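A.B. asks: What follows is target-v8.txt, made up of compact mmCIF, C-alpha atoms and all ligand atoms:
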```txt
# COMPACT_ATOMS: atom_id res chain seq x y z
CA MET A 13 -108.65 37.97 -89.62
CA LYS A 14 -109.21 38.91 -86.01
CA ASN A 15 -108.48 37.26 -82.72
CA VAL A 16 -111.60 36.36 -80.76
CA SER A 17 -111.90 35.01 -77.21
CA LEU A 18 -115.23 33.68 -76.04
CA VAL A 19 -116.73 31.00 -73.88
CA VAL A 20 -118.70 28.32 -75.72
CA ASN A 21 -120.79 26.02 -73.54
CA GLY A 22 -118.56 26.79 -70.57
CA ARG A 23 -115.30 26.19 -72.47
CA SER A 24 -112.86 29.02 -73.23
CA VAL A 25 -112.12 29.35 -76.93
CA GLU A 26 -109.53 31.59 -78.52
CA LYS A 27 -109.35 31.69 -82.30
CA LEU A 28 -108.27 33.81 -85.23
CA VAL A 29 -111.44 34.30 -87.29
CA SER A 30 -112.27 35.97 -90.55
CA GLU A 31 -114.24 39.17 -89.86
CA ARG A 32 -117.15 38.05 -92.02
CA THR A 33 -117.59 34.59 -90.49
CA HIS A 34 -120.93 34.53 -88.73
CA LEU A 35 -121.34 32.91 -85.37
CA ALA A 36 -123.39 29.97 -86.69
CA ASP A 37 -120.67 28.98 -89.17
CA PHE A 38 -118.06 29.42 -86.47
CA LEU A 39 -119.99 27.14 -84.09
CA ARG A 40 -120.88 24.51 -86.69
CA GLU A 41 -117.76 24.33 -88.78
CA GLN A 42 -114.98 25.26 -86.39
CA GLU A 43 -116.35 24.08 -83.06
CA GLY A 44 -118.21 21.04 -84.45
CA LEU A 45 -121.42 22.15 -82.70
CA THR A 46 -123.80 21.17 -85.47
CA GLY A 47 -126.87 21.37 -83.23
CA THR A 48 -127.10 25.02 -84.26
CA HIS A 49 -129.10 24.84 -87.49
CA LEU A 50 -129.17 27.23 -90.41
CA GLY A 51 -132.41 27.84 -92.27
CA CYS A 52 -132.65 31.22 -93.95
CA GLU A 53 -129.30 32.83 -92.99
CA HIS A 54 -131.20 36.13 -93.01
CA GLY A 55 -132.32 36.39 -89.40
CA VAL A 56 -135.88 35.36 -90.25
CA CYS A 57 -136.49 31.70 -89.36
CA GLY A 58 -134.87 31.48 -85.90
CA ALA A 59 -133.38 28.02 -86.52
CA CYS A 60 -129.95 29.36 -85.58
CA THR A 61 -130.99 30.87 -82.23
CA VAL A 62 -128.37 30.48 -79.48
CA LEU A 63 -127.82 32.30 -76.20
CA SER A 64 -125.27 35.07 -75.91
CA ASP A 65 -124.71 35.98 -72.27
CA GLY A 66 -128.02 34.26 -71.58
CA GLN A 67 -130.01 36.20 -74.23
CA PRO A 68 -131.35 34.58 -77.41
CA ILE A 69 -129.65 35.86 -80.57
CA ARG A 70 -129.66 34.92 -84.26
CA SER A 71 -126.25 33.40 -84.82
CA CYS A 72 -126.59 33.70 -88.62
CA ILE A 73 -126.55 37.49 -88.50
CA THR A 74 -124.08 37.86 -85.66
CA PHE A 75 -120.42 38.03 -86.58
CA ALA A 76 -118.23 35.70 -84.53
CA VAL A 77 -115.82 38.58 -83.88
CA ALA A 78 -118.70 40.57 -82.36
CA CYS A 79 -118.95 37.88 -79.66
CA ASP A 80 -115.52 38.61 -78.25
CA GLY A 81 -115.72 38.27 -74.46
CA LYS A 82 -119.23 36.77 -74.55
CA SER A 83 -120.50 33.48 -73.26
CA ILE A 84 -122.37 31.47 -75.91
CA THR A 85 -124.70 28.57 -75.20
CA THR A 86 -125.79 26.23 -77.96
CA ILE A 87 -128.27 23.36 -77.81
CA GLU A 88 -125.37 21.08 -76.83
CA GLY A 89 -124.64 23.25 -73.82
CA TYR A 90 -127.78 23.27 -71.68
CA GLY A 91 -126.80 20.23 -69.66
CA ASP A 92 -128.84 20.19 -66.45
CA ASP A 93 -130.31 23.66 -66.95
CA PRO A 94 -133.50 23.44 -64.83
CA ILE A 95 -135.78 25.01 -67.44
CA MET A 96 -134.42 22.82 -70.20
CA LEU A 97 -135.03 19.71 -68.08
CA HIS A 98 -138.74 20.59 -67.99
CA LEU A 99 -138.84 21.54 -71.67
CA ARG A 100 -137.19 18.33 -72.84
CA ASP A 101 -139.81 16.22 -71.09
CA ALA A 102 -142.65 18.42 -72.35
CA PHE A 103 -141.43 18.47 -75.99
CA SER A 104 -141.33 14.72 -75.88
CA GLU A 105 -144.72 14.35 -74.17
CA PHE A 106 -146.53 16.75 -76.54
CA HIS A 107 -144.81 15.53 -79.71
CA ALA A 108 -143.31 18.95 -80.29
CA LEU A 109 -140.58 17.45 -82.47
CA GLN A 110 -141.26 16.44 -86.04
CA CYS A 111 -138.17 16.65 -88.22
CA GLY A 112 -136.44 18.52 -85.41
CA TYR A 113 -134.86 21.14 -87.66
CA CYS A 114 -136.34 24.10 -85.83
CA THR A 115 -136.05 22.45 -82.41
CA PRO A 116 -132.70 23.87 -81.18
CA GLY A 117 -133.90 27.42 -81.91
CA MET A 118 -137.41 26.69 -80.59
CA LEU A 119 -136.00 25.40 -77.32
CA ALA A 120 -133.77 28.47 -76.89
CA THR A 121 -136.79 30.75 -77.39
CA ALA A 122 -139.08 28.55 -75.28
CA ARG A 123 -136.58 28.68 -72.44
CA ASP A 124 -136.51 32.45 -72.71
CA ILE A 125 -140.34 32.63 -72.56
CA ILE A 126 -140.46 30.50 -69.43
CA LEU A 127 -137.68 32.51 -67.84
CA ARG A 128 -139.10 35.98 -68.57
CA ILE A 129 -142.88 35.56 -68.78
CA PRO A 130 -144.12 33.11 -66.12
CA GLN A 131 -147.75 34.14 -66.69
CA ALA A 132 -147.73 33.87 -70.49
CA ASP A 133 -150.97 32.58 -71.99
CA GLU A 134 -151.34 30.85 -75.36
CA GLN A 135 -151.63 34.08 -77.34
CA ARG A 136 -148.51 35.50 -75.73
CA VAL A 137 -146.58 32.27 -76.29
CA ARG A 138 -147.55 32.33 -79.96
CA ILE A 139 -146.47 35.97 -80.28
CA GLU A 140 -143.14 35.26 -78.58
CA LEU A 141 -142.60 32.26 -80.86
CA ALA A 142 -143.38 34.24 -84.00
CA GLY A 143 -139.67 34.62 -84.74
CA ASN A 144 -139.13 30.87 -84.89
CA LEU A 145 -140.53 29.15 -87.96
CA CYS A 146 -141.30 25.44 -88.00
CA ARG A 147 -141.30 24.10 -91.55
CA CYS A 148 -143.22 21.06 -90.32
CA THR A 149 -145.86 23.52 -89.05
CA GLY A 150 -145.94 21.69 -85.74
CA TYR A 151 -146.83 24.70 -83.65
CA VAL A 152 -149.69 23.01 -81.82
CA GLY A 153 -147.40 20.55 -80.08
CA ILE A 154 -144.71 23.17 -79.45
CA VAL A 155 -147.14 25.67 -77.93
CA ALA A 156 -148.80 22.95 -75.85
CA ALA A 157 -145.41 21.83 -74.53
CA ILE A 158 -144.44 25.38 -73.48
CA LEU A 159 -147.84 26.03 -71.89
CA SER A 160 -147.58 22.77 -69.99
CA VAL A 161 -144.22 23.78 -68.49
CA LEU A 162 -145.59 27.21 -67.53
CA LYS A 163 -148.59 25.58 -65.87
CA LYS A 164 -146.48 22.98 -64.10
CA LEU A 165 -144.20 25.67 -62.66
CA GLN A 166 -147.21 27.65 -61.48
CA ASP A 167 -148.74 24.60 -59.79
CA LEU A 168 -145.51 23.29 -58.39
CA PRO A 169 -142.79 25.95 -58.33
CA ASP A 170 -139.28 24.70 -58.96
CA THR A 171 -136.82 26.51 -56.69
CA ARG A 172 -134.03 26.33 -59.24
CA VAL A 173 -136.21 27.91 -61.93
CA GLU A 174 -137.39 30.57 -59.45
CA ALA A 175 -133.77 31.42 -58.64
CA LEU A 176 -133.08 31.93 -62.34
CA ARG A 177 -136.14 34.14 -62.79
CA GLN A 178 -135.13 36.28 -59.84
CA ALA A 179 -131.60 36.64 -61.17
CA VAL A 180 -132.95 37.73 -64.59
CA ARG A 181 -135.37 40.22 -62.95
CA ALA A 182 -132.41 41.65 -61.02
CA GLY A 183 -130.57 42.11 -64.32
CA HIS A 184 -127.98 39.42 -63.79
CA VAL A 185 -126.60 37.59 -66.76
CA PHE A 186 -127.22 33.90 -66.48
CA THR A 187 -125.49 31.47 -68.78
CA PRO A 188 -126.20 27.76 -68.53
CA VAL A 189 -122.98 25.88 -67.96
CA ILE A 190 -122.49 22.33 -69.02
CA ALA A 191 -120.03 19.87 -67.49
CA SER A 192 -117.33 19.42 -70.11
CA ASP A 193 -117.89 15.67 -70.47
CA LYS A 194 -121.64 15.94 -71.14
CA PHE A 195 -121.49 16.42 -74.88
CA VAL A 196 -118.91 15.24 -77.36
CA ASN A 197 -118.46 17.51 -80.34
CA PHE A 198 -118.33 16.13 -83.84
CA ASP A 199 -114.84 15.99 -85.27
CA VAL A 200 -114.24 18.99 -87.43
CA GLU A 201 -112.71 17.88 -90.71
CA SER A 202 -111.39 21.21 -91.87
CA LYS A 203 -110.43 24.25 -89.88
CA ASP A 204 -109.43 26.22 -92.93
CA ASP A 205 -111.44 29.34 -92.09
CA VAL A 206 -110.11 29.67 -88.60
CA VAL A 207 -106.60 29.27 -87.31
CA GLU A 208 -106.01 27.99 -83.82
CA VAL A 209 -104.11 30.71 -82.03
CA ALA A 210 -101.01 28.85 -81.06
CA ARG A 211 -98.50 30.77 -79.03
CA ALA A 212 -95.72 29.05 -80.93
CA HIS A 213 -96.86 30.85 -84.08
CA ALA A 214 -97.06 34.23 -82.44
CA SER A 215 -93.53 35.23 -83.38
CA ALA A 216 -93.22 37.13 -86.62
CA GLY A 217 -91.94 35.20 -89.58
CA PRO A 218 -92.81 34.31 -93.14
CA LEU A 219 -96.31 32.96 -93.55
CA SER A 220 -96.67 29.28 -94.30
CA GLY A 221 -98.84 28.20 -97.25
CA SER A 222 -101.72 27.54 -94.93
CA GLN A 223 -101.31 30.85 -93.06
CA THR A 224 -101.21 32.72 -96.37
CA ARG A 225 -104.50 31.04 -97.30
CA HIS A 226 -106.04 32.04 -94.00
CA ALA A 227 -104.80 35.60 -94.41
CA LYS A 228 -106.37 35.76 -97.89
CA ASN A 229 -109.48 33.87 -96.77
CA LEU A 230 -108.94 31.18 -99.39
CA THR A 231 -110.55 27.77 -99.43
CA HIS A 232 -108.05 25.04 -100.23
CA ILE A 233 -108.93 21.84 -102.06
CA GLU A 234 -106.59 19.12 -103.23
CA GLY A 235 -107.32 16.47 -105.80
CA SER A 236 -105.66 14.22 -108.31
CA PHE A 237 -106.55 12.19 -111.36
CA ASP A 238 -104.77 9.61 -113.46
CA VAL A 239 -104.42 9.95 -117.21
CA PRO A 240 -103.64 6.77 -119.19
CA VAL A 241 -101.18 8.64 -121.38
CA ASP A 242 -97.41 9.17 -121.40
CA ILE A 243 -96.20 11.96 -119.06
CA LYS A 244 -94.63 13.95 -121.93
CA ALA A 245 -97.91 14.21 -123.80
CA VAL A 246 -99.76 15.16 -120.62
CA TRP A 247 -97.22 17.88 -119.84
CA GLN A 248 -97.50 19.22 -123.36
CA LEU A 249 -101.26 19.59 -122.99
CA MET A 250 -101.07 20.97 -119.47
CA THR A 251 -98.76 23.78 -120.61
CA ASP A 252 -100.93 24.69 -123.56
CA LEU A 253 -103.18 27.38 -122.10
CA PRO A 254 -106.11 27.14 -124.53
CA ALA A 255 -106.03 23.34 -124.14
CA VAL A 256 -106.02 23.56 -120.33
CA ALA A 257 -108.80 26.15 -120.25
CA GLY A 258 -110.66 24.07 -122.81
CA CYS A 259 -110.69 21.13 -120.41
CA LEU A 260 -112.22 23.17 -117.56
CA PRO A 261 -115.94 22.38 -117.43
CA GLY A 262 -117.99 25.34 -118.59
CA ALA A 263 -114.96 27.42 -119.66
CA VAL A 264 -114.99 29.42 -122.90
CA ILE A 265 -111.92 31.32 -124.12
CA GLU A 266 -112.68 34.60 -125.85
CA SER A 267 -109.18 35.92 -126.50
CA GLN A 268 -105.57 34.92 -125.93
CA ASP A 269 -102.31 36.83 -125.66
CA GLY A 270 -99.37 34.54 -124.89
CA ASN A 271 -100.02 32.97 -121.52
CA HIS A 272 -102.97 35.30 -120.81
CA VAL A 273 -106.54 34.41 -121.72
CA LYS A 274 -109.84 36.16 -121.33
CA GLY A 275 -113.11 34.33 -121.20
CA ARG A 276 -115.80 33.01 -118.95
CA VAL A 277 -116.56 30.02 -116.74
CA SER A 278 -120.16 28.98 -116.23
CA ILE A 279 -121.29 26.85 -113.32
CA LYS A 280 -124.61 25.37 -112.31
CA PHE A 281 -125.26 24.12 -108.82
CA GLY A 282 -128.83 22.90 -108.51
CA PRO A 283 -131.04 25.93 -109.16
CA MET A 284 -128.10 28.35 -108.88
CA SER A 285 -126.11 29.33 -111.93
CA ALA A 286 -123.38 31.87 -112.50
CA ALA A 287 -121.09 32.92 -115.34
CA PHE A 288 -117.80 34.42 -114.22
CA ILE A 289 -116.23 36.67 -116.85
CA GLY A 290 -112.55 37.39 -116.32
CA SER A 291 -109.02 36.48 -117.20
CA ALA A 292 -106.40 33.88 -116.37
CA PHE A 293 -102.64 33.59 -116.60
CA LEU A 294 -100.54 30.41 -116.76
CA GLU A 295 -97.16 30.31 -114.98
CA ILE A 296 -95.04 27.35 -116.03
CA ASN A 297 -92.03 25.82 -114.30
CA GLU A 298 -90.59 23.49 -116.96
CA HIS A 299 -87.85 22.19 -114.70
CA ALA A 300 -90.16 21.08 -111.88
CA GLN A 301 -92.98 20.19 -114.31
CA THR A 302 -95.41 22.30 -112.34
CA ALA A 303 -97.73 25.07 -113.45
CA ILE A 304 -100.13 27.53 -111.86
CA LEU A 305 -103.22 28.87 -113.56
CA LYS A 306 -104.18 32.13 -111.83
CA GLY A 307 -107.59 33.51 -112.60
CA SER A 308 -110.28 35.89 -111.43
CA GLY A 309 -113.68 36.90 -112.64
CA GLN A 310 -117.05 38.41 -111.83
CA ASP A 311 -120.59 37.15 -112.24
CA SER A 312 -122.61 40.02 -113.68
CA LEU A 313 -125.92 38.70 -112.34
CA SER A 314 -125.06 38.26 -108.68
CA GLN A 315 -122.09 40.69 -108.70
CA SER A 316 -120.08 37.97 -106.96
CA ARG A 317 -116.35 37.83 -107.55
CA ALA A 318 -114.21 34.71 -107.69
CA SER A 319 -110.46 34.33 -107.78
CA GLY A 320 -108.23 31.36 -107.47
CA ASP A 321 -105.05 29.52 -108.33
CA VAL A 322 -105.04 26.06 -109.83
CA GLN A 323 -101.62 24.57 -109.25
CA TYR A 324 -100.76 21.22 -110.80
CA ARG A 325 -97.84 18.88 -111.00
CA LEU A 326 -97.31 15.60 -112.79
CA GLU A 327 -96.01 12.29 -111.53
CA PHE A 328 -94.79 9.44 -113.69
CA LEU A 329 -96.58 6.20 -112.69
CA GLU A 330 -95.96 3.93 -115.69
CA ALA A 331 -95.03 4.30 -119.34
CA ASP A 332 -98.63 5.13 -120.24
CA LEU A 333 -99.95 6.33 -116.93
CA THR A 334 -99.51 9.79 -115.42
CA ARG A 335 -100.90 11.19 -112.20
CA VAL A 336 -101.88 14.85 -112.13
CA PHE A 337 -102.05 16.49 -108.68
CA VAL A 338 -104.24 19.55 -108.49
CA ASP A 339 -104.14 22.11 -105.65
CA LEU A 340 -106.91 24.66 -105.79
CA ASP A 341 -107.08 27.80 -103.66
CA TYR A 342 -110.12 29.93 -104.27
CA SER A 343 -112.17 32.67 -102.72
CA LEU A 344 -115.66 33.91 -103.43
CA GLN A 345 -116.87 37.38 -102.54
CA GLY A 346 -120.32 38.84 -102.78
CA PRO A 347 -123.70 37.12 -102.53
CA LEU A 348 -122.36 33.73 -103.64
CA ALA A 349 -119.72 33.78 -100.89
CA GLN A 350 -122.16 32.17 -98.48
CA PHE A 351 -121.97 28.99 -100.55
CA SER A 352 -118.18 28.74 -100.62
CA ARG A 353 -117.85 27.54 -97.04
CA SER A 354 -120.07 24.52 -97.33
CA GLY A 355 -118.93 20.95 -97.71
CA LEU A 356 -121.38 20.63 -100.60
CA VAL A 357 -119.61 23.29 -102.65
CA GLN A 358 -116.22 21.83 -101.81
CA GLU A 359 -117.49 18.45 -103.01
CA PHE A 360 -118.82 20.20 -106.13
CA VAL A 361 -115.33 21.61 -106.80
CA ARG A 362 -113.78 18.17 -106.27
CA ARG A 363 -116.16 16.79 -108.86
CA MET A 364 -115.18 19.58 -111.22
CA ILE A 365 -111.56 18.49 -110.79
CA THR A 366 -112.61 14.93 -111.67
CA ASP A 367 -114.46 16.22 -114.76
CA PHE A 368 -111.37 18.23 -115.66
CA GLY A 369 -109.32 14.99 -115.50
CA LYS A 370 -111.82 13.21 -117.77
CA ASN A 371 -111.67 16.07 -120.27
CA VAL A 372 -107.85 16.01 -120.25
CA THR A 373 -107.92 12.26 -120.97
CA ALA A 374 -110.54 12.71 -123.70
CA ARG A 375 -108.47 15.43 -125.42
CA LEU A 376 -105.30 13.40 -125.27
CA LYS A 377 -107.01 10.31 -126.63
CA ASN A 378 -108.83 12.30 -129.34
CA PRO A 379 -106.61 15.26 -130.31
CA GLU A 380 -109.19 16.35 -132.89
CA LEU A 381 -111.62 17.15 -130.03
CA THR A 382 -111.97 20.91 -129.81
CA ASP A 383 -115.45 21.40 -128.38
CA ASN A 384 -115.52 23.15 -125.06
CA PRO A 385 -116.69 20.77 -122.36
CA ALA A 386 -120.18 21.19 -121.02
CA VAL A 387 -120.96 23.22 -117.95
CA SER A 388 -120.66 21.16 -114.78
CA HIS A 389 -124.26 20.84 -113.69
CA ILE A 390 -124.26 18.82 -110.54
CA ASN A 391 -127.28 17.93 -108.50
CA PRO A 392 -126.64 18.98 -104.87
CA VAL A 393 -128.79 16.07 -103.68
CA SER A 394 -126.49 13.53 -105.30
CA ILE A 395 -123.51 15.32 -103.73
CA LEU A 396 -125.22 15.26 -100.36
CA PHE A 397 -125.76 11.52 -100.61
CA GLY A 398 -122.14 11.12 -101.73
CA LEU A 399 -120.97 13.04 -98.66
CA ILE A 400 -123.16 11.05 -96.29
CA TRP A 401 -121.98 7.79 -97.86
CA SER A 402 -118.31 8.73 -97.53
CA ARG A 403 -118.85 9.75 -93.89
CA LEU A 404 -120.60 6.47 -93.12
CA LYS A 405 -117.76 4.58 -94.73
CA ARG A 406 -115.26 6.48 -92.59
CA LEU A 407 -117.34 5.87 -89.49
CA PHE A 408 -117.45 2.13 -90.01
CA GLY A 409 -113.93 1.85 -91.36
CA ALA A 410 -114.99 0.50 -94.76
CA ASN A 411 -112.72 0.86 -97.74
S1 LIG B 1 -130.83 30.82 -90.06
FE1 LIG B 1 -130.68 32.44 -88.66
S2 LIG B 1 -132.65 33.24 -88.56
FE2 LIG B 1 -132.81 31.71 -90.11
S1 LIG B 2 -140.01 20.20 -86.34
FE1 LIG B 2 -139.50 20.28 -88.45
S2 LIG B 2 -139.03 22.34 -88.75
FE2 LIG B 2 -139.91 22.31 -86.84
```
Now, as a test, write the supplied structure out as structure tokens.
C.D. replies:
Amino acid sequence: MKNVSLVVNGRSVEKLVSERTHLADFLREQEGLTGTHLGCEHGVCGACTVLSDGQPIRSCITFAVACDGKSITTIEGYGDDPIMLHLRDAFSEFHALQCGYCTPGMLATARDIILRIPQADEQRVRIELAGNLCRCTGYVGIVAAILSVLKKLQDLPDTRVEALRQAVRAGHVFTPVIASDKFVNFDVESKDDVVEVARAHASAGPLSGSQTRHAKNLTHIEGSFDVPVDIKAVWQLMTDLPAVAGCLPGAVIESQDGNHVKGRVSIKFGPMSAAFIGSAFLEINEHAQTAILKGSGQDSLSQSRASGDVQYRLEFLEADLTRVFVDLDYSLQGPLAQFSRSGLVQEFVRRMITDFGKNVTARLKNPELTDNPAVSHINPVSILFGLIWSRLKRLFGAN
């Protein structure tokens, strides 16, 4: 983790950020500026284009820590920028928006064209736009909108735009600044990847659970499920390592030595699948009726590594009803790491916890069950709709 100080849309921001967090994730997930879109995450499509000290950059291939001291402008931050005022009208007039996914990046690049190349013709505009892909293939409207602004400024020069062009020609950095009340960020639900730098925490001392997670770059997920079985029987199963591992969707135990097991866990997430081969160890606290399953493994195909702790504790609800609380801290490294940050994957893990609960109940109700549960194969689209539905419910205060 590194401390980073930057200005985002005219607002000073100081955060502790993981070195590998890219600027787009930082803006979207920590600052709630979801107008910065992610398409390819490889620097190809241009959807994530933002301004850094007035220059367009790909925020998906720029580390947030590399922006220390810089001034970043996202689509939410153009406010009354004189070029953007013209572009907004033109994009609307020439129907340059279809789904709008590419639009924040297109506008950043279009603004740059108008600023730097006042005489650009259609061919030049198309060349300059080549780094911004529109999946709706709506280039005709986009190009027409940019050409119309160029023409308008030639016919009727705008003094504010001219001042900007002169400043850029003279090598001055120009960053659009928005009045702070112009745009309201979305609420950020989780700030797990980034810790607010609070002076109160600056003094040395033992790390809290959450600070330890940040230091280890772990994602934290909590869940619980109810088992309609007596707490004693649930505890007995939850301290039986092969039984616990056997209830994890997609888990297969290959060998056991006391509280150590070796095996693999397979997952499927839409078209993506992985099989992590590794080992796990169960630590039991009989007195507190808590246990931690610590595991790590590697997927041979993608060479991604996963490690995590599943901590659980039981609560007596009724004679035949037990609640199991599950705390999961996990980290992914390697190519699959890019998925770990997303709300979709976190929802996927929550659903795995639910499946785990169902398997625990099934085993307790049918002790003769020994088959390993099926791999969790969850359709990301259904998760996406689940997420949207839960957000709508929150928004409108429904139960
Ligand atoms: S998401 Fe950054 S270039 Fe495609
Ligand atoms: S308007 Fe849909 S991707 Fe460009």
A.B. asks: Once you count only C-alpha atoms and all ligand atoms, which residues end up within 12 Å of ligand LIG 2 (chain B), and could you hand them over as a ChimeraX atom specification?
C.D. replies: /A:49-51,57-60,103-104,107-119,141,144-155
A.B. asks: Mind giving me the straight-line distance from CA of Thr33 in chain A to CA of Cys79 in chain A in Å, one decimal?
C.D. replies: 11.4 Å
A.B. asks: For each of A:Ala157, A:Cys72, A:Val20, A:Leu28, take the minimum atom-to-atom distance to Val56 in chain A, counting only C-alpha atoms, then give the residue where this is smallest.
C.D. replies: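 Among A:Ala157, A:Cys72, A:Val20, A:Leu28, it is A:Cys72 that comes nearest to Val56 in chain A.
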A.B. asks: When you draw a straight line from CA of Leu176 in chain A to CA of Tyr90 in chain A, how long is it in Å?
C.D. replies: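 Computing it gives 13.8 Å between the two atoms.
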A.B. asks: Pick out the closest residue to Val62 in chain A from this set: A:Ile139, A:Val277, A:Ala36, A:Val77. Count all atoms listed in the file.
C.D. replies: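 Of A:Ile139, A:Val277, A:Ala36, A:Val77, the one nearest Val62 in chain A, counting all atoms listed in the file, is A:Ala36.
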A.B. asks: In Å, with one decimal, what is the gap from CA of Gln301 in chain A to CA of Leu326 in chain A?
C.D. replies: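 Computing it gives 6.5 Å between the two atoms.
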A.B. asks: Calculated over all atoms listed in the file, which of the candidates A:Gly47, A:Gly307, A:Gly55, A:Gly22 has the smallest distance to ligand LIG 1 (chain B)?
C.D. replies: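 Smallest separation from ligand LIG 1 (chain B) among the options: A:Gly55.
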A.B. asks: Please list as number ranges by chain every residue within 8 Å of range 159-168 of chain A, counting all atoms listed in the file and excluding residues in the same chain fewer than 5 positions away.
C.D. replies: A: 98-99, 102, 126, 130-134, 137
A.B. asks: How about saving the chosen residues, C-alpha atoms kept, as a short mmCIF file (atom, residue, chain, number, x, y, z; two decimals), keeping the file's coordinate frame?
C.D. replies:
```
data_model
loop_
_atom_site.label_atom_id
_atom_site.label_comp_id
_atom_site.auth_asym_id
_atom_site.auth_seq_id
_atom_site.Cartn_x
_atom_site.Cartn_y
_atom_site.Cartn_z
CA HIS A 98 -138.74 20.59 -67.99
CA LEU A 99 -138.84 21.54 -71.67
CA ALA A 102 -142.65 18.42 -72.35
CA ILE A 126 -140.46 30.50 -69.43
CA PRO A 130 -144.12 33.11 -66.12
CA GLN A 131 -147.75 34.14 -66.69
CA ALA A 132 -147.73 33.87 -70.49
CA ASP A 133 -150.97 32.58 -71.99
CA GLU A 134 -151.34 30.85 -75.36
CA VAL A 137 -146.58 32.27 -76.29
#
```
A.B. asks: Between A:Leu18, A:Ile129, A:Ala142, A:Ala374, which has the minimum distance to ligand LIG 1 (chain B) (counting all atoms listed in the file)?
C.D. replies: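 Once distances to ligand LIG 1 (chain B) are computed over all atoms listed in the file, the minimum belongs to A:Ala142.
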A.B. asks: My list of candidates is A:Ile125, A:Leu45, A:Glu105, A:Ile73. Which is closest to ligand LIG 1 (chain B) when distances are computed with all atoms listed in the file?
C.D. replies: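 Using all atoms listed in the file, ligand LIG 1 (chain B) sits closest to A:Ile73.
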A.B. asks: Counting all atoms listed in the file, which residue out of A:Asp170, A:Asp92, A:Asp37, A:Asp321 sits closest to Glu53 in chain A?
C.D. replies: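 Answer, going by the shortest atom-to-atom distance: A:Asp37.
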A.B. asks: Skipping near chain neighbours, those fewer than 6 positions away, what residues fall within 8 Å of Pro240 in chain A using only C-alpha atoms, listed as a CSV table (one decimal) with C-alpha atoms, in the frame of the given file?
C.D. replies:
```csv
chain,number,residue,atom,x,y,z
A,332,ASP,CA,-98.6,5.1,-120.2
A,333,LEU,CA,-100.0,6.3,-116.9
A,334,THR,CA,-99.5,9.8,-115.4
A,373,THR,CA,-107.9,12.3,-121.0
```
A.B. asks: Emit range 151-180 of chain A of the structure in the block as a file comprising C-alpha atoms, as an mmCIF file, in the first residue's frame.
C.D. replies:
```cif
data_model
loop_
_atom_site.group_PDB
_atom_site.id
_atom_site.type_symbol
_atom_site.label_atom_id
_atom_site.label_comp_id
_atom_site.auth_asym_id
_atom_site.auth_seq_id
_atom_site.Cartn_x
_atom_site.Cartn_y
_atom_site.Cartn_z
ATOM 1 C CA TYR A 151 -18.713 6.765 -35.680
ATOM 2 C CA VAL A 152 -20.675 8.711 -38.284
ATOM 3 C CA GLY A 153 -22.551 10.712 -35.672
ATOM 4 C CA ILE A 154 -19.485 11.123 -33.456
ATOM 5 C CA VAL A 155 -17.278 12.356 -36.305
ATOM 6 C CA ALA A 156 -20.032 14.674 -37.552
ATOM 7 C CA ALA A 157 -20.450 16.131 -34.065
ATOM 8 C CA ILE A 158 -16.713 16.855 -33.710
ATOM 9 C CA LEU A 159 -16.481 18.333 -37.215
ATOM 10 C CA SER A 160 -19.467 20.543 -36.487
ATOM 11 C CA VAL A 161 -17.786 21.978 -33.375
ATOM 12 C CA LEU A 162 -14.549 22.587 -35.303
ATOM 13 C CA LYS A 163 -16.486 24.361 -38.046
ATOM 14 C CA LYS A 164 -18.525 26.397 -35.592
ATOM 15 C CA LEU A 165 -15.380 27.589 -33.818
ATOM 16 C CA GLN A 166 -13.820 28.545 -37.142
ATOM 17 C CA ASP A 167 -16.902 30.500 -38.205
ATOM 18 C CA LEU A 168 -17.536 32.054 -34.841
ATOM 19 C CA PRO A 169 -14.466 31.892 -32.589
ATOM 20 C CA ASP A 170 -15.184 31.426 -28.911
ATOM 21 C CA THR A 171 -12.795 33.543 -26.836
ATOM 22 C CA ARG A 172 -12.747 31.052 -23.986
ATOM 23 C CA VAL A 173 -11.801 28.197 -26.316
ATOM 24 C CA GLU A 174 -9.157 30.394 -27.982
ATOM 25 C CA ALA A 175 -7.651 31.165 -24.571
ATOM 26 C CA LEU A 176 -7.386 27.437 -23.863
ATOM 27 C CA ARG A 177 -5.756 26.748 -27.232
ATOM 28 C CA GLN A 178 -3.217 29.485 -26.656
ATOM 29 C CA ALA A 179 -2.413 28.167 -23.198
ATOM 30 C CA VAL A 180 -1.873 24.648 -24.612
#
```
